[in-house]
$ cat data37.txt   # compact mmCIF, C-alpha atoms
# COMPACT_ATOMS: atom_id res chain seq x y z
CA MET A 16 0.00 0.00 0.00
CA TYR A 17 2.82 2.41 0.90
CA GLN A 18 5.43 1.06 -1.52
CA THR A 19 4.68 3.61 -4.23
CA GLU A 20 5.18 6.49 -1.79
CA TYR A 21 8.35 4.80 -0.50
CA ASN A 22 9.77 4.52 -4.03
CA SER A 23 8.97 8.15 -4.78
CA LYS A 24 10.95 9.30 -1.74
CA LEU A 25 13.89 6.91 -2.18
CA MET A 26 17.07 8.66 -3.33
CA SER A 27 20.83 8.74 -2.99
CA PRO A 28 22.44 10.17 0.16
CA ALA A 29 23.86 13.04 -1.93
CA ASP A 30 20.39 14.03 -3.16
CA ALA A 31 18.80 13.55 0.27
CA VAL A 32 21.16 15.93 2.09
CA LYS A 33 20.34 18.68 -0.41
CA LEU A 34 17.15 19.06 1.67
CA ILE A 35 19.31 20.31 4.57
CA PRO A 36 19.59 24.10 4.34
CA SER A 37 23.03 25.67 3.89
CA ARG A 38 22.22 27.96 6.83
CA GLY A 39 19.89 26.86 9.61
CA THR A 40 19.31 24.16 12.22
CA LEU A 41 19.95 20.44 11.98
CA SER A 42 19.34 17.70 14.51
CA MET A 43 20.25 14.04 14.30
CA GLY A 44 19.47 10.77 15.99
CA MET A 45 21.42 10.03 19.15
CA ALA A 46 24.21 7.46 19.45
CA VAL A 47 23.21 4.26 17.58
CA SER A 48 20.64 6.27 15.62
CA GLU A 49 23.28 8.42 13.89
CA PRO A 50 22.99 7.75 10.11
CA PRO A 51 26.49 7.16 8.64
CA ALA A 52 25.61 7.41 4.93
CA LEU A 53 23.74 10.69 5.38
CA LEU A 54 26.50 12.14 7.56
CA THR A 55 29.12 11.19 4.95
CA ALA A 56 27.07 12.87 2.23
CA LEU A 57 26.65 15.95 4.41
CA GLU A 58 30.42 16.06 4.94
CA ASP A 59 30.82 16.05 1.16
CA ARG A 60 28.55 19.12 1.01
CA VAL A 61 30.70 20.82 3.63
CA LYS A 62 33.90 20.03 1.72
CA ALA A 63 32.30 21.36 -1.47
CA GLY A 64 31.60 24.69 0.23
CA LYS A 65 27.82 24.19 0.09
CA ILE A 66 27.24 24.78 3.82
CA ASP A 67 27.38 28.34 5.21
CA GLU A 68 26.47 27.80 8.86
CA LEU A 69 24.66 24.82 10.31
CA ARG A 70 23.79 24.72 13.99
CA VAL A 71 23.64 21.03 14.93
CA TYR A 72 21.62 20.01 18.01
CA TYR A 73 22.14 16.48 19.31
CA SER A 74 23.16 14.32 22.23
CA HIS A 75 25.90 11.73 22.76
CA SER A 76 27.78 11.66 19.44
CA ILE A 77 29.61 8.52 18.34
CA THR A 78 31.95 7.54 15.51
CA ALA A 79 29.52 8.22 12.64
CA ALA A 80 29.44 11.94 13.45
CA ALA A 81 33.01 12.11 14.78
CA PHE A 82 34.46 10.83 11.51
CA THR A 83 32.33 13.10 9.31
CA ILE A 84 30.83 16.48 10.24
CA LEU A 85 32.38 16.81 13.72
CA LYS A 86 35.93 17.32 12.49
CA TYR A 87 37.79 20.35 13.73
CA GLU A 88 38.46 21.68 10.22
CA TYR A 89 34.70 22.10 9.67
CA MET A 90 34.02 24.15 12.79
CA SER A 91 33.79 27.41 10.85
CA VAL A 92 30.53 26.21 9.27
CA ILE A 93 29.39 23.36 11.57
CA LYS A 94 28.35 24.66 14.99
CA PRO A 95 27.92 21.72 17.40
CA HIS A 96 25.31 22.27 20.15
CA PRO A 97 25.53 19.04 22.20
CA PHE A 98 23.18 18.39 25.12
CA PHE A 99 25.46 15.55 26.26
CA PRO A 100 29.10 15.97 25.19
CA THR A 101 31.42 12.98 24.82
CA ILE A 102 35.10 12.51 24.04
CA VAL A 103 34.28 13.81 20.54
CA GLU A 104 33.33 17.26 21.82
CA ARG A 105 36.02 17.27 24.50
CA ARG A 106 38.65 16.89 21.77
CA LEU A 107 37.09 19.71 19.77
CA VAL A 108 37.03 21.94 22.84
CA GLU A 109 40.71 21.27 23.51
CA LEU A 110 41.70 22.04 19.91
CA GLY A 111 39.65 25.22 20.06
CA ARG A 112 41.29 26.21 23.34
CA GLN A 113 44.72 25.86 21.72
CA ASP A 114 43.56 28.28 19.01
CA ASN A 115 41.82 30.58 21.51
CA ARG A 116 38.57 29.76 19.73
CA ARG A 117 35.16 28.56 20.89
CA VAL A 118 33.90 25.76 18.70
CA VAL A 119 31.44 23.78 20.87
CA PHE A 120 28.27 25.30 22.32
CA TYR A 121 27.12 23.10 25.20
CA MET A 122 23.36 23.04 25.94
CA PRO A 123 22.70 22.52 29.68
CA GLY A 124 19.45 20.84 30.68
CA ASN A 125 17.72 17.74 31.97
CA PHE A 126 17.25 15.00 29.39
CA SER A 127 13.47 14.99 29.86
CA ALA A 128 13.26 18.60 28.64
CA MET A 129 15.23 18.06 25.43
CA PRO A 130 12.27 17.41 23.07
CA ARG A 131 10.55 20.58 24.27
CA THR A 132 13.73 22.62 23.94
CA LEU A 133 14.30 21.48 20.36
CA ARG A 134 10.68 22.19 19.49
CA GLU A 135 11.08 25.73 20.81
CA ILE A 136 14.36 26.25 18.91
CA GLY A 137 12.84 24.98 15.65
CA ILE A 138 14.62 22.31 13.62
CA ASP A 139 14.92 22.71 9.83
CA ALA A 140 16.07 19.15 9.13
CA PHE A 141 16.36 15.92 11.11
CA ILE A 142 18.38 12.87 10.08
CA MET A 143 18.29 9.43 11.71
CA MET A 144 18.68 5.69 11.19
CA VAL A 145 15.56 3.50 11.12
CA ALA A 146 14.48 -0.10 10.60
CA PRO A 147 12.81 -1.05 7.29
CA MET A 148 9.23 0.13 6.79
CA ASP A 149 6.51 -2.19 8.09
CA LYS A 150 3.11 -2.99 6.55
CA GLY A 151 1.55 0.05 8.17
CA GLY A 152 4.08 2.46 6.65
CA PHE A 153 6.00 2.94 9.91
CA PHE A 154 9.77 3.07 10.40
CA SER A 155 10.90 1.93 13.86
CA CYS A 156 13.91 3.64 15.39
CA GLY A 157 14.40 0.70 17.73
CA THR A 158 17.42 1.83 19.73
CA ASN A 159 16.26 5.40 20.19
CA ALA A 160 13.01 7.11 21.05
CA ASP A 161 14.48 9.74 23.44
CA TYR A 162 14.43 13.15 21.68
CA THR A 163 14.94 11.38 18.34
CA VAL A 164 11.35 10.43 17.57
CA PRO A 165 9.66 13.59 18.97
CA THR A 166 12.07 15.88 17.08
CA ALA A 167 11.79 13.85 13.87
CA ARG A 168 8.05 14.48 13.99
CA ILE A 169 8.31 18.27 14.29
CA ALA A 170 11.30 18.96 12.00
CA LYS A 171 10.52 20.77 8.75
CA LYS A 172 12.32 18.02 6.78
CA LEU A 173 12.78 14.45 8.00
CA ILE A 174 15.37 12.29 6.23
CA VAL A 175 15.71 8.63 7.22
CA GLU A 176 18.45 6.11 6.58
CA VAL A 177 16.97 2.60 6.38
CA ASN A 178 19.21 -0.09 7.84
CA PRO A 179 17.97 -3.71 8.06
CA LYS A 180 20.21 -4.21 11.10
CA MET A 181 18.24 -1.69 13.14
CA PRO A 182 15.88 -3.62 15.46
CA ARG A 183 12.14 -3.10 15.24
CA VAL A 184 10.63 -2.55 18.68
CA PHE A 185 7.30 -1.59 20.17
CA GLY A 186 6.10 1.37 22.21
CA ASP A 187 6.15 4.90 20.79
CA SER A 188 9.29 4.68 18.69
CA SER A 189 8.25 5.04 15.06
CA VAL A 190 7.69 7.65 12.38
CA HIS A 191 5.25 7.26 9.49
CA ILE A 192 6.24 7.50 5.84
CA SER A 193 3.85 10.43 5.44
CA GLU A 194 6.16 12.43 7.76
CA VAL A 195 9.30 11.56 5.76
CA ALA A 196 10.74 13.83 3.08
CA ALA A 197 13.51 11.53 1.83
CA ILE A 198 14.60 7.91 2.24
CA VAL A 199 18.12 6.48 1.88
CA GLU A 200 18.97 2.80 2.08
CA ASN A 201 22.25 1.72 3.66
CA GLU A 202 23.13 -1.49 5.48
CA SER A 203 25.88 -0.94 8.04
CA PRO A 204 26.93 -2.46 11.39
CA LEU A 205 25.32 -0.83 14.41
CA PHE A 206 27.56 0.95 16.90
CA SER A 207 28.71 -1.56 19.51
CA VAL A 208 29.47 -0.64 23.11
CA PRO A 209 32.70 -2.23 24.38
CA ASP A 210 32.24 -4.73 27.18
CA ARG A 211 33.90 -3.59 30.39
CA PRO A 212 35.02 -6.30 32.85
CA LEU A 213 33.81 -5.89 36.42
CA THR A 214 36.31 -4.88 39.09
CA PRO A 215 36.31 -5.98 42.75
CA LEU A 216 35.18 -2.44 43.68
CA ASP A 217 32.24 -2.71 41.25
CA ALA A 218 31.20 -5.95 42.92
CA LEU A 219 31.57 -4.50 46.44
CA ILE A 220 29.53 -1.38 45.68
CA GLY A 221 27.02 -3.54 43.83
CA LYS A 222 26.63 -5.72 46.95
CA HIS A 223 25.75 -2.66 49.05
CA ILE A 224 23.12 -1.63 46.50
CA VAL A 225 21.57 -5.06 45.96
CA GLU A 226 20.82 -5.27 49.69
CA MET A 227 18.59 -2.21 49.17
CA VAL A 228 16.62 -3.75 46.27
CA PRO A 229 13.52 -5.77 47.22
CA ASP A 230 11.65 -8.25 45.05
CA ARG A 231 9.08 -6.50 42.81
CA ALA A 232 11.27 -3.38 42.57
CA CYS A 233 11.08 -1.32 39.36
CA LEU A 234 14.62 -0.57 38.16
CA GLN A 235 16.36 2.32 36.48
CA VAL A 236 19.99 1.42 35.86
CA GLY A 237 22.69 3.71 34.51
CA ILE A 238 25.82 2.82 32.56
CA GLY A 239 29.11 1.52 33.95
CA GLY A 240 30.68 -1.19 36.03
CA VAL A 241 28.59 -0.70 39.17
CA PRO A 242 25.20 -0.95 37.38
CA ASN A 243 26.48 -4.03 35.54
CA ALA A 244 27.52 -5.59 38.85
CA VAL A 245 24.10 -4.80 40.33
CA CYS A 246 22.29 -6.43 37.41
CA ALA A 247 24.47 -9.54 37.67
CA ALA A 248 23.74 -9.82 41.40
CA LEU A 249 19.97 -9.45 40.94
CA HIS A 250 19.46 -12.67 38.98
CA GLY A 251 17.99 -14.36 42.05
CA HIS A 252 15.37 -11.66 42.61
CA LYS A 253 11.72 -12.13 41.69
CA ASP A 254 9.15 -10.13 39.71
CA LEU A 255 11.34 -7.10 39.02
CA GLY A 256 10.18 -4.37 36.67
CA ILE A 257 12.11 -2.21 34.21
CA HIS A 258 11.48 1.49 33.57
CA THR A 259 14.89 2.85 32.62
CA GLU A 260 16.49 5.58 30.56
CA LEU A 261 19.07 3.18 29.10
CA MET A 262 18.51 -0.39 27.95
CA MET A 263 21.79 -2.32 27.80
CA PRO A 264 23.06 -5.93 27.72
CA SER A 265 23.28 -6.35 31.51
CA VAL A 266 19.60 -5.37 31.82
CA ALA A 267 18.71 -7.68 28.92
CA ALA A 268 20.49 -10.54 30.69
CA LEU A 269 18.48 -9.81 33.83
CA ILE A 270 15.28 -9.97 31.77
CA GLN A 271 16.33 -13.18 30.05
CA CYS A 272 17.15 -14.97 33.30
CA GLY A 273 13.52 -14.65 34.44
CA ALA A 274 14.04 -12.19 37.30
CA VAL A 275 12.00 -9.56 35.44
CA THR A 276 8.26 -9.99 34.88
CA ASN A 277 6.98 -6.38 35.12
CA LYS A 278 3.74 -7.82 36.52
CA TYR A 279 3.65 -5.47 39.53
CA LYS A 280 4.19 -2.23 37.64
CA ASN A 281 1.32 0.26 37.76
CA VAL A 282 2.09 1.74 34.32
CA ASN A 283 3.26 -0.14 31.22
CA ARG A 284 2.64 -3.44 33.00
CA TYR A 285 4.45 -6.46 31.53
CA LYS A 286 6.63 -4.17 29.40
CA ASN A 287 10.31 -3.28 29.63
CA VAL A 288 10.31 0.49 29.08
CA TYR A 289 13.37 2.46 27.96
CA THR A 290 14.18 5.57 25.93
CA LEU A 291 17.52 4.59 24.35
CA ALA A 292 19.50 1.39 23.94
CA ALA A 293 23.10 0.45 23.20
CA GLY A 294 24.95 -2.84 23.25
CA ASP A 295 26.29 -5.46 20.85
CA GLU A 296 24.94 -7.50 17.95
CA ALA A 297 23.36 -10.18 20.16
CA PHE A 298 21.70 -7.47 22.24
CA TYR A 299 20.19 -5.78 19.17
CA GLU A 300 18.87 -9.15 18.03
CA PHE A 301 17.22 -9.58 21.46
CA LEU A 302 15.44 -6.24 21.02
CA ASN A 303 14.20 -7.04 17.52
CA ASP A 304 10.51 -7.97 17.27
CA ASN A 305 10.39 -8.51 21.05
CA SER A 306 6.94 -7.38 22.13
CA SER A 307 8.07 -6.90 25.74
CA MET A 308 10.43 -4.10 24.69
CA GLU A 309 8.88 -0.64 24.51
CA ALA A 310 10.94 2.39 23.53
CA ARG A 311 9.23 5.66 24.41
CA PRO A 312 10.23 9.34 24.16
CA VAL A 313 12.35 10.76 26.94
CA ASP A 314 9.74 13.33 27.94
CA TYR A 315 7.62 10.32 28.97
CA VAL A 316 10.22 7.85 30.29
CA ASN A 317 12.12 10.48 32.29
CA ASP A 318 9.12 12.45 33.51
CA PRO A 319 9.34 12.27 37.32
CA SER A 320 5.54 12.15 37.60
CA VAL A 321 5.47 9.07 35.33
CA ILE A 322 8.42 7.44 37.08
CA GLY A 323 6.73 7.94 40.45
CA ARG A 324 3.54 6.16 39.40
CA ASN A 325 5.29 2.80 39.76
CA ASP A 326 5.94 1.50 43.27
CA LEU A 327 9.38 0.53 44.61
CA VAL A 328 11.32 2.42 41.95
CA ILE A 329 15.04 1.94 42.53
CA SER A 330 17.14 4.38 40.51
CA ILE A 331 20.90 3.66 40.30
CA SER A 332 23.21 6.27 38.77
CA ALA A 333 26.79 7.51 39.16
CA PHE A 334 28.40 10.70 40.45
CA LEU A 335 31.75 12.44 40.03
CA GLU A 336 31.86 14.28 43.35
CA VAL A 337 29.58 14.86 46.32
CA GLY A 338 29.86 17.64 48.89
CA LEU A 339 29.46 17.01 52.60
CA ASP A 340 26.02 18.66 52.47
CA GLY A 341 24.82 16.11 49.88
CA GLU A 342 25.14 18.33 46.80
CA VAL A 343 26.23 16.29 43.76
CA ASN A 344 28.24 17.03 40.62
CA SER A 345 27.98 14.34 37.95
CA GLU A 346 29.06 16.28 34.88
CA ALA A 347 32.18 18.43 35.28
CA ILE A 348 35.82 17.77 36.22
CA MET A 349 37.93 20.60 37.61
CA GLY A 350 35.25 23.06 36.54
CA ARG A 351 35.24 21.91 32.90
CA GLN A 352 32.23 20.26 31.29
CA TYR A 353 32.95 16.53 30.93
CA SER A 354 29.53 15.00 30.27
CA ALA A 355 26.04 16.26 31.19
CA PRO A 356 23.23 15.83 33.71
CA GLY A 357 21.43 13.49 31.32
CA GLY A 358 18.39 12.09 33.08
CA GLN A 359 19.98 11.75 36.50
CA LEU A 360 17.95 14.42 38.29
CA ASP A 361 14.79 13.24 36.51
CA PHE A 362 15.17 9.82 38.15
CA VAL A 363 16.52 11.14 41.47
CA ARG A 364 13.24 13.00 41.82
CA GLY A 365 11.02 10.38 40.19
CA ALA A 366 12.25 7.55 42.40
CA GLN A 367 11.41 9.53 45.54
CA LEU A 368 7.89 10.20 44.26
CA SER A 369 7.44 6.42 44.07
CA LYS A 370 5.87 4.55 46.98
CA GLY A 371 8.83 2.79 48.62
CA GLY A 372 11.21 4.18 46.00
CA LYS A 373 14.93 4.89 46.46
CA SER A 374 17.33 7.14 44.59
CA ILE A 375 20.89 5.77 44.72
CA LEU A 376 24.03 7.55 43.47
CA ALA A 377 27.16 5.41 43.50
CA ALA A 378 30.86 5.73 42.70
CA TYR A 379 34.30 4.63 43.84
CA SER A 380 35.40 6.69 46.85
CA THR A 381 38.44 7.99 44.95
CA ALA A 382 39.51 9.00 41.44
CA GLY A 383 42.90 9.55 39.82
CA ARG A 384 44.15 6.14 40.98
CA GLY A 385 43.39 6.97 44.57
CA ALA A 386 44.84 10.49 44.52
CA ILE A 387 41.52 12.37 44.62
CA SER A 388 38.56 11.93 46.96
CA ARG A 389 35.17 11.96 45.29
CA ILE A 390 33.68 13.06 48.61
CA VAL A 391 34.73 16.67 49.11
CA PRO A 392 33.86 19.45 51.56
CA LYS A 393 32.20 21.50 48.79
CA ILE A 394 31.71 20.45 45.16
CA GLU A 395 33.73 22.32 42.54
CA GLY A 396 31.63 21.59 39.48
CA PRO A 397 28.03 22.56 38.68
CA THR A 398 25.21 21.16 40.77
CA THR A 399 23.69 18.21 38.95
CA ASP A 400 21.60 17.13 41.94
CA PRO A 401 20.73 19.73 44.62
CA ARG A 402 21.29 18.71 48.22
CA THR A 403 17.53 19.00 48.68
CA ASP A 404 17.02 16.09 46.27
CA THR A 405 19.75 13.56 47.03
CA GLN A 406 18.90 10.45 49.01
CA TYR A 407 21.38 7.55 49.10
CA ILE A 408 25.12 7.93 48.34
CA VAL A 409 27.12 4.69 48.02
CA THR A 410 30.85 3.91 47.81
CA GLU A 411 32.81 0.73 48.48
CA TYR A 412 32.83 1.77 52.16
CA GLY A 413 29.07 1.71 52.58
CA VAL A 414 25.81 3.65 52.26
CA ALA A 415 25.04 7.19 53.44
CA CYS A 416 21.41 8.33 53.57
CA MET A 417 20.78 12.07 53.29
CA THR A 418 17.06 11.99 54.03
CA GLY A 419 16.01 13.63 57.28
CA LYS A 420 19.57 14.55 58.24
CA SER A 421 21.06 17.89 59.23
CA THR A 422 24.19 19.15 57.49
CA ALA A 423 26.20 17.90 60.47
CA GLN A 424 24.66 14.42 60.21
CA ARG A 425 25.13 14.37 56.44
CA ALA A 426 28.79 15.30 56.81
CA GLU A 427 29.34 12.52 59.38
CA ALA A 428 27.57 9.95 57.18
CA LEU A 429 29.55 10.90 54.06
CA ILE A 430 32.90 11.03 55.86
CA ALA A 431 32.18 7.48 57.07
CA ILE A 432 32.00 6.19 53.47
CA ALA A 433 34.97 8.22 52.19
CA HIS A 434 38.35 6.58 51.68
CA PRO A 435 40.09 6.39 55.10
CA GLU A 436 43.06 8.42 53.86
CA PHE A 437 40.81 11.44 53.26
CA ARG A 438 38.56 11.31 56.32
CA GLU A 439 40.68 13.52 58.56
CA GLY A 440 40.91 16.21 55.86
CA LEU A 441 37.17 16.01 55.26
CA ARG A 442 36.49 16.42 58.96
CA LEU A 443 38.66 19.53 58.98
CA GLY A 444 36.81 20.85 55.92
CA ALA A 445 33.47 20.18 57.60
CA ARG A 446 34.52 22.22 60.64
CA GLN A 447 35.71 25.09 58.44
CA LEU A 448 32.31 25.12 56.71
CA GLY A 449 30.52 25.12 60.07
CA TYR A 450 28.97 21.68 59.57
CA LEU A 451 30.70 20.13 62.60

$ encode --input "data37.txt" --output "structure tokens"
Amino acid sequence: MYQTEYNSKLMSPADAVKLIPSRGTLSMGMAVSEPPALLTALEDRVKAGKIDELRVYYSHSITAAAFTILKYEYMSVIKPHPFFPTIVERRLVELGRQDNRRVVFYMPGNFSAMPRTLREIGIDAFIMMVAPMDKGGFFSCGTNADYTVPTARIAKKLIVEVNPKMPRVFGDSSVHISEVAAIVENESPLFSVPDRPLTPLDALIGKHIVEMVPDRACLQVGIGGVPNAVCAALHGHKDLGIHTELMMPSVAALIQCGAVTNKYKNVNRYKNVYTLAAGDEAFYEFLNDNSSMEARPVDYVNDPSVIGRNDLVISISAFLEVGLDGEVNSEAIMGRQYSAPGGQLDFVRGAQLSKGGKSILAAYSTAGRGAISRIVPKIEGPTTDPRTDTQYIVTEYGVACMTGKSTAQRAEALIAIAHPEFREGLRLGARQLGYL
């Protein structure tokens, strides 16, 4: 039924990117959803001098963008506006600093607000990778709903790159052919996340957290060694639910072992809900045509009021540094932007709106191979999570609860889970701040 329309919109990458204005706004799918053929064709336009100034709004760039439009030599016409910078943008920033030049324009904000922000900015063209069209004329963007699907729907021109390797999932993660201006076909391997082996510290912190997770809990799990250790240790739990920002292989393994049923969730019962996914080839095959997997936009998944509707929500994320009053920085190192808030505060707040819910922020007690304490008298970076919102802080030395505690009690609790070598200095800092 839709094949004639499909054929009329099918074209080469070079022709498709001509729909992107030479001066204006562009957004692209996040991470796995980045379309390599379209980005290569857009780079060709840049090299040909056909782009005057393109403001590019996106989150979490990977190799497809890094090896094409996000090269330093294009920064006079490509203006990156990342909501979540990665090593790609950090390298650009450093090159720009050497030239005394600003080339990256970071966009602060909670992940849940990103679709609304892009709608208010106005996007001239959106490019993304999708699965092949189904019988209803829909293209699934299986790994990414996040801001990808909402922004694709409101962009003036939507250009899709069809890749048969992209999984087809359920939920609210598709765009219809009637919304598409151009179609490009290109089979390419999906971005694969390297597997990181667990460390003894990951396992120890994971043990502290697992003791706080009851059966029937609804999980949000971040990325990294500690969340992976937690998932591995939860295989003996019963009737867990999943409502998470990120779907990844360790969560998939937890689902596959039978510990997850989603039967006690109050919303999206029996479904594993996520807003973006990243893993390896076997993981993408697990997602494909799996009716239990529902990808939904980030302004739904990360909405604290939605998160809080499920009972026993346990949110597990990471931090870079925490002050003795409970204030948390999870995005900057030595005052310089390293990553972004992402959806951390969304879930910190959402979990505590949940009946029996817990917000947990975890990290090793030290950084820099033991030279730097992550627990500090006062945080140096921006405030990702205000002290009024933090609940549980976990290191390898134990758990500190901030709820219902004075600044003096918070300081004592956090000093107790700091590395022993830093506790005396932290106690001195607490006295200087008037906490003790």

$ atom_distance --input "data37.txt" --atom1 "atom CA of Ala267 of chain A" --atom2 "atom CA of Ala297 of chain A"
10.2 Å

$ closest_residue --input "data37.txt" --among "A:Thr166, A:Val316, A:Val119, A:Asn159" --to "Glu135 of chain A" --atoms "all atoms listed in the file"
A:Thr166

$ atom_distance --input "data37.txt" --atom1 "atom CA of His75 of chain A" --atom2 "atom CA of Phe98 of chain A"
7.6 Å

$ closest_residue --input "data37.txt" --among "A:Asn125, A:Gln406, A:Ser307, A:Ser374" --to "Asn277 of chain A" --atoms "only C-alpha atoms"
A:Ser307

$ residues_near_point --input "data37.txt" --point "(28.4, 15.5, 66.4)" --cutoff "12 Å" --atoms "all atoms listed in the file" --output "PyMOL selection string"
chain A and resi 421-428+442+445-446+449-451

$ residues_near_point --input "data37.txt" --point "(12.0, 12.9, 43.9)" --cutoff "10 Å" --atoms "only C-alpha atoms" --output "list in words"
Pro319, Ser320, Ile322, Gly323, Leu360, Asp361, Phe362, Val363, Arg364, Gly365, Ala366, Gln367, Leu368, Ser369, Gly372, Lys373, Ser374, Thr403, Asp404, Thr405 and Gln406 of chain A

$ closest_residue --input "data37.txt" --among "A:Ala29, A:His223, A:Gly151, A:Pro209" --to "Val190 of chain A" --atoms "all atoms listed in the file"
A:Gly151

$ atom_distance --input "data37.txt" --atom1 "atom CA of Ile238 of chain A" --atom2 "atom CA of Ala128 of chain A"
20.5 Å

$ residues_around --input "data37.txt" --residues "Asn243 of chain A" --least-positions-apart "2" --cutoff "9 Å" --atoms "all atoms listed in the file" --output "NGL selection string"
:A and (213 or 217-218 or 221 or 236-241 or 245-248 or 264-266)

$ write_last_selection --input "data37.txt" --atoms "C-alpha atoms" --output "compact mmCIF listing (two decimals), in the frame of the given file"
# COMPACT_ATOMS: atom_id res chain seq x y z
CA LEU A 213 33.81 -5.89 36.42
CA ASP A 217 32.24 -2.71 41.25
CA ALA A 218 31.20 -5.95 42.92
CA GLY A 221 27.02 -3.54 43.83
CA VAL A 236 19.99 1.42 35.86
CA GLY A 237 22.69 3.71 34.51
CA ILE A 238 25.82 2.82 32.56
CA GLY A 239 29.11 1.52 33.95
CA GLY A 240 30.68 -1.19 36.03
CA VAL A 241 28.59 -0.70 39.17
CA VAL A 245 24.10 -4.80 40.33
CA CYS A 246 22.29 -6.43 37.41
CA ALA A 247 24.47 -9.54 37.67
CA ALA A 248 23.74 -9.82 41.40
CA PRO A 264 23.06 -5.93 27.72
CA SER A 265 23.28 -6.35 31.51
CA VAL A 266 19.60 -5.37 31.82

$ residues_around --input "data37.txt" --residues "segment 153-156 of chain A" --least-positions-apart "4" --cutoff "7 Å" --atoms "only C-alpha atoms" --output "PDB file with C-alpha atoms, keeping the file's coordinate frame"
ATOM      1  CA  MET A 144      18.680   5.690  11.190  1.00  0.00           C
ATOM      2  CA  VAL A 145      15.560   3.500  11.120  1.00  0.00           C
ATOM      3  CA  ALA A 146      14.480  -0.100  10.600  1.00  0.00           C
ATOM      4  CA  PRO A 147      12.810  -1.050   7.290  1.00  0.00           C
ATOM      5  CA  MET A 148       9.230   0.130   6.790  1.00  0.00           C
ATOM      6  CA  ASP A 149       6.510  -2.190   8.090  1.00  0.00           C
ATOM      7  CA  ALA A 160      13.010   7.110  21.050  1.00  0.00           C
ATOM      8  CA  ARG A 183      12.140  -3.100  15.240  1.00  0.00           C
ATOM      9  CA  VAL A 184      10.630  -2.550  18.680  1.00  0.00           C
ATOM     10  CA  SER A 188       9.290   4.680  18.690  1.00  0.00           C
ATOM     11  CA  SER A 189       8.250   5.040  15.060  1.00  0.00           C
ATOM     12  CA  VAL A 190       7.690   7.650  12.380  1.00  0.00           C
ATOM     13  CA  HIS A 191       5.250   7.260   9.490  1.00  0.00           C
ATOM     14  CA  ILE A 192       6.240   7.500   5.840  1.00  0.00           C
TER      15      ILE A 192
END

$ closest_residue --input "data37.txt" --among "A:Tyr21, A:Tyr412, A:Phe141, A:Tyr73" --to "Ile224 of chain A" --atoms "only C-alpha atoms"
A:Tyr412

$ residues_around --input "data37.txt" --residues "segment 37-42 of chain A" --least-positions-apart "2" --cutoff "6 Å" --atoms "all atoms listed in the file" --output "list in words"
Ile66, Asp67, Glu68, Leu69, Arg70, Val71, Tyr72, Tyr73, Ile138, Asp139, Ala140 and Phe141 of chain A

$ closest_residue --input "data37.txt" --among "A:Leu441, A:Ile102, A:Ala382, A:Leu234" --to "Gln352 of chain A" --atoms "only C-alpha atoms"
A:Ile102

$ closest_residue --input "data37.txt" --among "A:Ala196, A:Ile329, A:Ala167, A:Leu376" --to "Arg134 of chain A" --atoms "all atoms listed in the file"
A:Ala167

$ residues_around --input "data37.txt" --residues "Pro50 of chain A" --least-positions-apart "6" --cutoff "10 Å" --atoms "all atoms listed in the file" --output "list of chain:residue names"
A:Met43, A:Gly44, A:Ala79, A:Ala80, A:Ile142, A:Met143, A:Met144, A:Val145, A:Ile174, A:Val175, A:Glu176, A:Val177, A:Asn178, A:Val199, A:Asn201, A:Ser203, A:Leu205

$ residues_around --input "data37.txt" --residues "Glu104 of chain A" --least-positions-apart "6" --cutoff "12 Å" --atoms "all atoms listed in the file" --output "MDAnalysis selection string"
chainID A and resid 73:78 80:81 84:87 90 94:98 110:111 117:121 352:355

$ decode --input "data37.txt" --residues "segment 61-66 of chain A" --atoms "N, CA, C and O atoms" --output "PDB file, in the first residue's frame"
ATOM      1  N   VAL A  61      29.844  19.880   2.908  1.00  0.00           N
ATOM      2  CA  VAL A  61      30.703  20.824   3.633  1.00  0.00           C
ATOM      3  C   VAL A  61      32.006  21.039   2.867  1.00  0.00           C
ATOM      4  O   VAL A  61      32.440  22.181   2.657  1.00  0.00           O
ATOM      5  N   LYS A  62      32.620  19.938   2.443  1.00  0.00           N
ATOM      6  CA  LYS A  62      33.899  20.035   1.720  1.00  0.00           C
ATOM      7  C   LYS A  62      33.743  20.775   0.392  1.00  0.00           C
ATOM      8  O   LYS A  62      34.683  21.433  -0.070  1.00  0.00           O
ATOM      9  N   ALA A  63      32.552  20.683  -0.203  1.00  0.00           N
ATOM     10  CA  ALA A  63      32.300  21.362  -1.471  1.00  0.00           C
ATOM     11  C   ALA A  63      31.942  22.833  -1.289  1.00  0.00           C
ATOM     12  O   ALA A  63      31.662  23.538  -2.262  1.00  0.00           O
ATOM     13  N   GLY A  64      31.923  23.285  -0.027  1.00  0.00           N
ATOM     14  CA  GLY A  64      31.603  24.687   0.233  1.00  0.00           C
ATOM     15  C   GLY A  64      30.128  25.008   0.112  1.00  0.00           C
ATOM     16  O   GLY A  64      29.753  26.172  -0.066  1.00  0.00           O
ATOM     17  N   LYS A  65      29.263  23.989   0.255  1.00  0.00           N
ATOM     18  CA  LYS A  65      27.824  24.187   0.089  1.00  0.00           C
ATOM     19  C   LYS A  65      27.090  24.452   1.407  1.00  0.00           C
ATOM     20  O   LYS A  65      25.872  24.585   1.425  1.00  0.00           O
ATOM     21  N   ILE A  66      27.835  24.489   2.519  1.00  0.00           N
ATOM     22  CA  ILE A  66      27.242  24.780   3.821  1.00  0.00           C
ATOM     23  C   ILE A  66      27.814  26.100   4.333  1.00  0.00           C
ATOM     24  O   ILE A  66      29.036  26.274   4.424  1.00  0.00           O
TER      25      ILE A  66
END
